[in-house]
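Data first, discussion second: the structure below is written as structure tokens.
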Amino acid sequence: MWVAKPQAIAYKACRQVVNLSYDAMIANLRLMNFRCFDAMSVDFPASGAVIVGANAQGKTSILEAVCVLVRLHSPRSLRMGKMIQIDSPGFGIAGECWQSDRQVRFSARQGVEMKVDDEVVGKQGDYLAGGGLVVWMGNDDLDLVRGSGRVRRRYLDFLGCQLDPVYRDHFNRYQRVLKARNLLLKDRVLREPEIAAYTDLLIRHGSFLTKARRELVGLLLPEVVHSQLEVSGNDERVGLEYVAGAGDDMVKSLEMTHERERRLGQTVAGPHRDEVRLTVNGMAAADFASEGQQRTLALSLKLAQGALLEKQAGRMPVYLLDDIFGELDADRRNALMQALPDGAQKLITTTNIDWMQDELDVIEVSSLK
């Protein structure tokens with residue numbers, strides 16, 4: 001069953017909204033059998049809102065649902081099945097977004113189904129093409145600096161897929177080809193003609209990703225430098241360097257790793273091994289930057305993502321900030337709020353608002369259940 005349109009629970013207008021010209025973004029969100037919510041509906045003001053509540057009350061799930069509704073993507077899970085409420089066959093998410101009513105439902109039996117203004121949309125690409133843009137900022141963003149290259153690749157891919165549907169197509173095809181090729185490399189009896197066919201596809205889609213990611217990093221660098229200065233208030237030299245997992249020539253790299261691939265049973269060169277090296281004042285950020293510098297760099301990477309989305313796509317993304325303020329000192333908290341674009345809708349979760357200087361409406365998450 002599609003999510004119905006019940007009477008929404010209005011946000012609690014605890015503060016005066018700043019008089020700015022905001023884009024119409026997420027006006028309403030409706031959930032059914034999603035995470036901890038049986039059913040829930042909430043309205044959001046155009047400027048955004050602060051969602052306040054104790055831990056484990058569902059604050060993050062609200063932002064996650066927005067991300068799934070807008071981008072068919074969860075920053076918390078690679079599998080949609082994990083978002084279904086226990087003992088339910090599936091979940092439904094709906095909402096008024098960018099002046100259209102959008103609906104997404106998922107079940108293990110039917111998979112993902114989508115509607116826009118009550119019209120069924122058969123392809124995910126078509127659904128995304130008419131939707132909006134999202135920047136997710138979470139309390140685990142520190143992994144962008146400290147974590148493995150996989151985290152930074154996901155950061156680039158989330159940006160690339162929003163900017164260009166062709167990027168998303170090449171990315172999805174590369175993942176499928178890589179999986180199939182690795183399965184062939186694990187066989188006891190290697191079927192070289194089939195491996196060669198998949199190698200050609202791997203090169204085609206991988207070469208696109210390498211070129212696109214290199215360009216993205218080049219575009220991101222000045223935005224990250226600017227954001228780092230805004231949030232930290234210090235003149236710190238920030239560096240981003242793209243390191244291709246197949247070097248400058250993917251064909252040659254795969255030829256050179258031929259024997260190693262067959263010995264290990266997996267593809268060892270390609271965009272799935274890409275890395276983005278982060279530096280602060282010329283030194284590796286993960287090893288030599290202070291914790292404060294690392295947290296600021298992580299914030300700057302996300303702010304840069306939003307700035308690039310706005311410049312390249314010509315549309316303002318909605319900012320989803322999930323409980324990130326507890327780990328920041330007061331100066332960085334308020335510097336971050338000042339760095340967010342004035343005209344952007346900001347949906348923020350937090351356990352308390354005592355520190356906030358910005359005038360945003362407040363939603364008590366306990367009132368939504």
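Letters A, B, ... go to the chains of the structure tokens in the order shown; residues in each chain start at 1; ligands are counted from 1 in the same order.
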Neighbours of segment 47-60 of chain A within 8 Å (only C-alpha atoms; same-chain residues fewer than 2 positions away dropped), as a PDB file with N, CA and C atoms, in the first residue's frame?
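Output file part_30.pdb is given in full below:
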ATOM      1  N   VAL A  17      11.193  32.583  12.166  1.00  0.00           N
ATOM      2  CA  VAL A  17      11.946  32.190  10.980  1.00  0.00           C
ATOM      3  C   VAL A  17      12.603  33.420  10.365  1.00  0.00           C
ATOM      4  N   VAL A  18      13.856  33.256   9.954  1.00  0.00           N
ATOM      5  CA  VAL A  18      14.567  34.367   9.317  1.00  0.00           C
ATOM      6  C   VAL A  18      13.890  34.696   7.990  1.00  0.00           C
ATOM      7  N   LEU A  20      14.157  35.149   4.662  1.00  0.00           N
ATOM      8  CA  LEU A  20      15.027  34.974   3.502  1.00  0.00           C
ATOM      9  C   LEU A  20      14.214  34.350   2.373  1.00  0.00           C
ATOM     10  N   TYR A  22      13.799  31.406   0.422  1.00  0.00           N
ATOM     11  CA  TYR A  22      14.191  30.003   0.401  1.00  0.00           C
ATOM     12  C   TYR A  22      13.567  29.281  -0.788  1.00  0.00           C
ATOM     13  N   ARG A  35      11.753   1.960   9.794  1.00  0.00           N
ATOM     14  CA  ARG A  35      12.562   1.930  11.025  1.00  0.00           C
ATOM     15  C   ARG A  35      11.655   1.813  12.251  1.00  0.00           C
ATOM     16  N   CYS A  36      11.684   2.808  13.152  1.00  0.00           N
ATOM     17  CA  CYS A  36      10.899   2.730  14.384  1.00  0.00           C
ATOM     18  C   CYS A  36       9.503   3.331  14.251  1.00  0.00           C
ATOM     19  N   PHE A  37       9.141   3.814  13.070  1.00  0.00           N
ATOM     20  CA  PHE A  37       7.868   4.494  12.889  1.00  0.00           C
ATOM     21  C   PHE A  37       6.820   3.580  12.253  1.00  0.00           C
ATOM     22  N   PHE A  44       7.661  20.529   7.155  1.00  0.00           N
ATOM     23  CA  PHE A  44       8.894  21.276   7.359  1.00  0.00           C
ATOM     24  C   PHE A  44       8.749  22.677   6.780  1.00  0.00           C
ATOM     25  N   PRO A  45       9.179  23.691   7.506  1.00  0.00           N
ATOM     26  CA  PRO A  45       9.194  25.040   6.928  1.00  0.00           C
ATOM     27  C   PRO A  45      10.272  25.139   5.848  1.00  0.00           C
ATOM     28  N   ILE A  62      14.412   9.953  10.421  1.00  0.00           N
ATOM     29  CA  ILE A  62      13.670  10.965   9.668  1.00  0.00           C
ATOM     30  C   ILE A  62      14.541  11.523   8.543  1.00  0.00           C
ATOM     31  N   LEU A  63      15.781  11.855   8.861  1.00  0.00           N
ATOM     32  CA  LEU A  63      16.679  12.369   7.823  1.00  0.00           C
ATOM     33  C   LEU A  63      17.006  11.285   6.803  1.00  0.00           C
ATOM     34  N   GLU A  64      17.177  10.052   7.266  1.00  0.00           N
ATOM     35  CA  GLU A  64      17.442   8.950   6.347  1.00  0.00           C
ATOM     36  C   GLU A  64      16.296   8.785   5.365  1.00  0.00           C
ATOM     37  N   ASP A 322      22.958  15.386  10.706  1.00  0.00           N
ATOM     38  CA  ASP A 322      22.527  14.395  11.689  1.00  0.00           C
ATOM     39  C   ASP A 322      23.422  14.380  12.925  1.00  0.00           C
ATOM     40  N   ASP A 323      23.002  15.057  13.965  1.00  0.00           N
ATOM     41  CA  ASP A 323      23.600  14.945  15.294  1.00  0.00           C
ATOM     42  C   ASP A 323      25.120  15.150  15.274  1.00  0.00           C
ATOM     43  N   GLY A 343      20.099  30.479   1.650  1.00  0.00           N
ATOM     44  CA  GLY A 343      18.852  30.082   0.995  1.00  0.00           C
ATOM     45  C   GLY A 343      18.564  28.608   1.004  1.00  0.00           C
ATOM     46  N   ALA A 344      19.375  27.821   1.691  1.00  0.00           N
ATOM     47  CA  ALA A 344      19.197  26.370   1.691  1.00  0.00           C
ATOM     48  C   ALA A 344      18.281  25.932   2.818  1.00  0.00           C
ATOM     49  N   GLN A 345      17.507  24.903   2.570  1.00  0.00           N
ATOM     50  CA  GLN A 345      16.742  24.282   3.640  1.00  0.00           C
ATOM     51  C   GLN A 345      17.675  23.372   4.432  1.00  0.00           C
ATOM     52  N   LYS A 346      17.620  23.505   5.766  1.00  0.00           N
ATOM     53  CA  LYS A 346      18.495  22.715   6.635  1.00  0.00           C
ATOM     54  C   LYS A 346      17.625  21.929   7.604  1.00  0.00           C
ATOM     55  N   LEU A 347      17.763  20.632   7.590  1.00  0.00           N
ATOM     56  CA  LEU A 347      17.072  19.763   8.538  1.00  0.00           C
ATOM     57  C   LEU A 347      18.137  19.180   9.454  1.00  0.00           C
ATOM     58  N   ILE A 348      18.026  19.505  10.739  1.00  0.00           N
ATOM     59  CA  ILE A 348      19.094  19.238  11.701  1.00  0.00           C
ATOM     60  C   ILE A 348      18.554  18.406  12.854  1.00  0.00           C
ATOM     61  N   THR A 349      19.279  17.358  13.228  1.00  0.00           N
ATOM     62  CA  THR A 349      18.927  16.619  14.434  1.00  0.00           C
ATOM     63  C   THR A 349      19.941  16.912  15.531  1.00  0.00           C
ATOM     64  N   THR A 350      19.452  16.993  16.753  1.00  0.00           N
ATOM     65  CA  THR A 350      20.337  17.251  17.892  1.00  0.00           C
ATOM     66  C   THR A 350      19.609  16.874  19.174  1.00  0.00           C
ATOM     67  N   THR A 351      20.365  16.686  20.229  1.00  0.00           N
ATOM     68  CA  THR A 351      19.754  16.341  21.518  1.00  0.00           C
ATOM     69  C   THR A 351      19.358  17.569  22.312  1.00  0.00           C
ATOM     70  N   ASN A 352      19.957  18.734  21.991  1.00  0.00           N
ATOM     71  CA  ASN A 352      19.551  19.972  22.658  1.00  0.00           C
ATOM     72  C   ASN A 352      19.900  21.155  21.774  1.00  0.00           C
ATOM     73  N   ILE A 353      19.273  22.289  22.031  1.00  0.00           N
ATOM     74  CA  ILE A 353      19.478  23.477  21.191  1.00  0.00           C
ATOM     75  C   ILE A 353      20.001  24.661  22.000  1.00  0.00           C
ATOM     76  N   LEU A 360      15.778  28.887  13.893  1.00  0.00           N
ATOM     77  CA  LEU A 360      15.112  27.839  13.123  1.00  0.00           C
ATOM     78  C   LEU A 360      13.971  27.278  13.949  1.00  0.00           C
ATOM     79  N   ASP A 361      12.948  26.798  13.271  1.00  0.00           N
ATOM     80  CA  ASP A 361      11.833  26.177  13.962  1.00  0.00           C
ATOM     81  C   ASP A 361      12.266  24.844  14.567  1.00  0.00           C
ATOM     82  N   VAL A 362      11.620  24.454  15.640  1.00  0.00           N
ATOM     83  CA  VAL A 362      11.985  23.267  16.381  1.00  0.00           C
ATOM     84  C   VAL A 362      10.866  22.232  16.305  1.00  0.00           C
ATOM     85  N   ILE A 363      11.250  20.997  16.034  1.00  0.00           N
ATOM     86  CA  ILE A 363      10.310  19.875  16.028  1.00  0.00           C
ATOM     87  C   ILE A 363      10.728  18.913  17.139  1.00  0.00           C
ATOM     88  N   GLU A 364       9.840  18.642  18.070  1.00  0.00           N
ATOM     89  CA  GLU A 364      10.088  17.650  19.115  1.00  0.00           C
ATOM     90  C   GLU A 364       9.766  16.276  18.544  1.00  0.00           C
ATOM     91  N   VAL A 365      10.780  15.430  18.435  1.00  0.00           N
ATOM     92  CA  VAL A 365      10.554  14.129  17.783  1.00  0.00           C
ATOM     93  C   VAL A 365       9.548  13.279  18.558  1.00  0.00           C
ATOM     94  N   SER A 366       9.451  13.484  19.866  1.00  0.00           N
ATOM     95  CA  SER A 366       8.493  12.719  20.676  1.00  0.00           C
ATOM     96  C   SER A 366       7.056  13.019  20.269  1.00  0.00           C
TER      97      SER A 366
END
Go through segment 81-125 of chain A and flag each residue having an atom no more than 6 Å from segment 25-28 of chain A; for those, report the closest pair of atoms plus their distance in Å to one decimal, using only C-alpha atoms, ordered by chain and rising number, as a tab-separated table.
residue	atom	partner	partner_atom	distance
A:Gly95	CA	A:Asn28	CA	4.9
A:Glu96	CA	A:Asn28	CA	5.1
A:Cys97	CA	A:Ile26	CA	4.5
A:Trp98	CA	A:Met25	CA	4.7
Residue contacts of segment 277-292 of chain A (10 Å, only C-alpha atoms) excluding same-chain residues fewer than 6 positions away, as number ranges by chain: A: 142-147, 149, 152, 232, 235-243, 298, 327-329, 332
Which parts of segment 120-229 of chain A does DSSP call helix (DSSP H, G or I) when run on the backbone here, written out as a ChimeraX atom specification? /A:124-129,143-146,149-163,165-186,192-229
Which is closest to Ile93 of chain A among A:Gln124, A:Ser227, A:Ser61, A:Ser148, if we use only C-alpha atoms?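 Closest residue, counting only C-alpha atoms: A:Ser61.
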So that I can check the surroundings of Gly130 of chain A, please list as number ranges by chain every protein, DNA and RNA residue that reaches within 10 Å of it, counting only C-alpha atoms and ignoring chain neighbours fewer than 4 positions away. A: 70, 98, 100, 116, 125-126
Using only C-alpha atoms, which protein or nucleic acid residues come within 7 Å of segment 308-315 of chain A? Drop anything in the same chain fewer than 2 positions from it, and give the result as a list in words. Leu163, Leu220, Ala304, Gln305, Gly306 and Pro317 of chain A
Expected file: the selected residues, N, CA, C and O atoms, as a PDB file, in the first residue's frame:
ATOM      1  N   LEU A 163      25.281  14.814  -9.761  1.00  0.00           N
ATOM      2  CA  LEU A 163      25.599  15.803 -10.786  1.00  0.00           C
ATOM      3  C   LEU A 163      25.310  15.308 -12.196  1.00  0.00           C
ATOM      4  O   LEU A 163      24.935  16.089 -13.070  1.00  0.00           O
ATOM      5  N   LEU A 220      36.528  20.225  -6.489  1.00  0.00           N
ATOM      6  CA  LEU A 220      36.272  20.285  -5.053  1.00  0.00           C
ATOM      7  C   LEU A 220      37.343  21.055  -4.292  1.00  0.00           C
ATOM      8  O   LEU A 220      37.049  21.712  -3.285  1.00  0.00           O
ATOM      9  N   ALA A 304      31.829  21.675   0.784  1.00  0.00           N
ATOM     10  CA  ALA A 304      32.302  21.787  -0.594  1.00  0.00           C
ATOM     11  C   ALA A 304      31.405  20.989  -1.536  1.00  0.00           C
ATOM     12  O   ALA A 304      31.136  21.417  -2.672  1.00  0.00           O
ATOM     13  N   GLN A 305      30.948  19.841  -1.073  1.00  0.00           N
ATOM     14  CA  GLN A 305      30.031  19.038  -1.871  1.00  0.00           C
ATOM     15  C   GLN A 305      28.769  19.836  -2.201  1.00  0.00           C
ATOM     16  O   GLN A 305      28.313  19.858  -3.349  1.00  0.00           O
ATOM     17  N   GLY A 306      28.223  20.515  -1.186  1.00  0.00           N
ATOM     18  CA  GLY A 306      27.028  21.309  -1.405  1.00  0.00           C
ATOM     19  C   GLY A 306      27.276  22.475  -2.341  1.00  0.00           C
ATOM     20  O   GLY A 306      26.449  22.782  -3.222  1.00  0.00           O
ATOM     21  N   PRO A 317      20.926  22.312  -2.941  1.00  0.00           N
ATOM     22  CA  PRO A 317      20.595  21.053  -2.271  1.00  0.00           C
ATOM     23  C   PRO A 317      19.974  21.311  -0.901  1.00  0.00           C
ATOM     24  O   PRO A 317      20.125  22.396  -0.331  1.00  0.00           O
TER      25      PRO A 317
END
